[in-house]
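Written below as structure tokens is the structure these notes are about.
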Amino acid sequence: MSKFDVSSPNFNWSELGFSYRQTNCHIIYKFKGGQWDKGELVSEPYLPIHIAATTLHYGQNCFDGLKAFRMKDGKVRVFRPQANGERIIQSCEYCMMAPPTIEMFLDGIKRVIKANIEYVPPYGSGASLYIRPVLFGTQAKVGVSSSDEFAFIIFVTPVSDYYKGGMSNPVRSLIMANSDRAAPYGSGHVKIGGNYVATVRSSYLAKKRGYPILLFLDSATKTYIEEFTTSNFFALTPCDSRGKRHYVTPKSHSILNSVTNMSLERIAKEILGWEVERRRINISEVEEGKFNEIAACGTAVVITPVGEIDREIIKEDGNIDIEKNIIGDGTTVGSGLTDLYQTLIHIQNGEIEDPFEWMWPTNGIEAEN
């Protein structure tokens with residue numbers, strides 16, 4: 001047992017919430033001399049790092065997030081790790097960092113889960129093992145340039161539903177008039193720390209006003225929907241005469257390519273038989289009531305229904321008005337979001353067939369003998 005306050009895995013899994021809990025260990029790989037080492041499992045959750053490391057001064061870092069589940073057959077599998085591996089490679093290349101290979105990424109995930117297998121919540125608990133890969137520059141540099149040395153860490157921590165009981169009741173969202181998430185040709189499409197810290201202050205101010213999440217429009221024209229603070233945006237049209245809907249999500253260089261969103265698109269099209277559109281979405285489509293269900297989606301929350309989108313409008317005198325837009329009835333979770341959520345959760349838990357072979361590896365992950 002580690003001396004670093006390792007929590008007992010014998011706790012109420014459904015009451016974990018979404019916060020960090022110390023486990024047995026994490027894995028760290030180091031890049032030096034043009035190559036990665038073979039990685040080491042480490043119990044101490046602190047890292048010695050040079051005071052001039054590029055990650056500390058110039059934000060040369062990226063991260064990702066995914067989950068492992070103990071499924072109905074008792075085996076532990078990870079949801080779509082190859083997709084997250086491809087995304088962190090893209091983030092590394094954008095930030096001029098040495099990327100891990102997909103094989104190294106998967107090896108690290110498997111090794112750290114094996115070493116912390118008792119922290120994978122039991123089937124039926126509504127909880128999962130959250131996996132956080134993070135890669136950053138460690139070389140000492142004072143001038144602005146890329147590091148030649150890097151660390152790649154994967155740690156895990158058990159989490160329960162972001163919202164108790166699964167999906168929350170619909171939340172209120174705000175579009176702030178004087179707040180942007182990303183520039184049109186900036187870094188919004190990669191998962192780097194700078195994209196998130198840029199929204200911390202505005203998110204804090206919004207929450208004080210009763211808005212759990214912010215929605216951002218494109219920073220150039222303030223016309224087209226981009227994404228929520230930490231999640232992709234998608235919307236559903238009402239059912240037509242055949243019971244079919246349209247799943248609509250934004251297309252933009254400035255938004256992160258969410259693995260959850262991509263998965264929901266495939267479920268919508270190939271399982272539920274809906275039409276899927278990835279295109280530019282004018283905010284006027286929300287204001288005109290074209291969509292009767294709207295949600296934020298991501299690894300942590302899966303789906304967060306949105307019942308109201310309010311927009312700040314700057315008047316000629318400089319004062320700000322609030323334009324309210326109620327989605328559906330504003331208070332209940334729609335049947336379309338419920339169908340998407342239940343289908344994805346059932347695949348992750350092994351309660352229905354996995355037609356896309358998303359759960360990895362097929363034979364599961366087991367503890368070392």
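Residue names in the structure tokens use chain letters A, B, ... in the order shown, residue numbers from 1 in each chain, and ligand numbers from 1 in the order shown.
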Kindly provide the residues of stretch 36-105 of chain A that approach stretch 122-145 of chain A to within 7 Å, each paired with its closest atom pair and their distance in Å to one decimal, based on only C-alpha atoms, listed by chain and increasing number, as CSV.
```
residue,atom,partner,partner_atom,distance
A:Ile49,CA,A:Thr138,CA,6.7
A:His50,CA,A:Ala140,CA,6.2
A:Ala52,CA,A:Ala140,CA,4.5
A:Ala53,CA,A:Ala140,CA,4.4
A:Thr54,CA,A:Gly137,CA,5.3
A:Thr55,CA,A:Gly137,CA,5.1
A:Gln60,CA,A:Gly137,CA,5.7
A:Asn61,CA,A:Phe136,CA,4.1
A:Cys62,CA,A:Leu135,CA,5.5
A:Phe63,CA,A:Val134,CA,4.1
A:Asp64,CA,A:Pro133,CA,5.4
A:Gly65,CA,A:Arg132,CA,4.9
A:Leu66,CA,A:Ile131,CA,5.2
A:Lys67,CA,A:Tyr130,CA,4.6
A:Ala68,CA,A:Leu129,CA,5.0
A:Phe69,CA,A:Ser128,CA,5.2
A:Arg70,CA,A:Tyr123,CA,5.2
A:Met71,CA,A:Tyr123,CA,5.5
A:Lys72,CA,A:Tyr123,CA,6.0
```
- Message: I need the residues in stretch 110-288 of chain A that are helix (DSSP H, G or I) according to DSSP; give them as a ChimeraX atom specification.
- Response: /A:110-115,117-119,193-197,200-208,259-271,283-287
- What's the 9 Å shell around A:Gly85, counting only C-alpha atoms, without same-chain residues fewer than 6 positions away, as a list of chain:residue names? A:Asp64, A:Pro100, A:Thr101, A:Ile102, A:Glu103, A:Phe105, A:Leu106
- Task: Name all residues at most 12 Å from A:Phe233 (count only C-alpha atoms; drop same-chain ones fewer than 5 positions away) and give them as a PyMOL selection string.
- Result: chain A and resi 173+213-217+224-228+247-252+255-258+260-262+264-265+278-281+283+286+293-298+302-306+309
- Task: Return as a PyMOL selection string the full set of residues in stretch 100-266 of chain A whose backbone-based DSSP assignment is strand (DSSP E).
- Result: chain A and resi 128-137+150-159+171-175+213-217+225-228+232-236+246-250
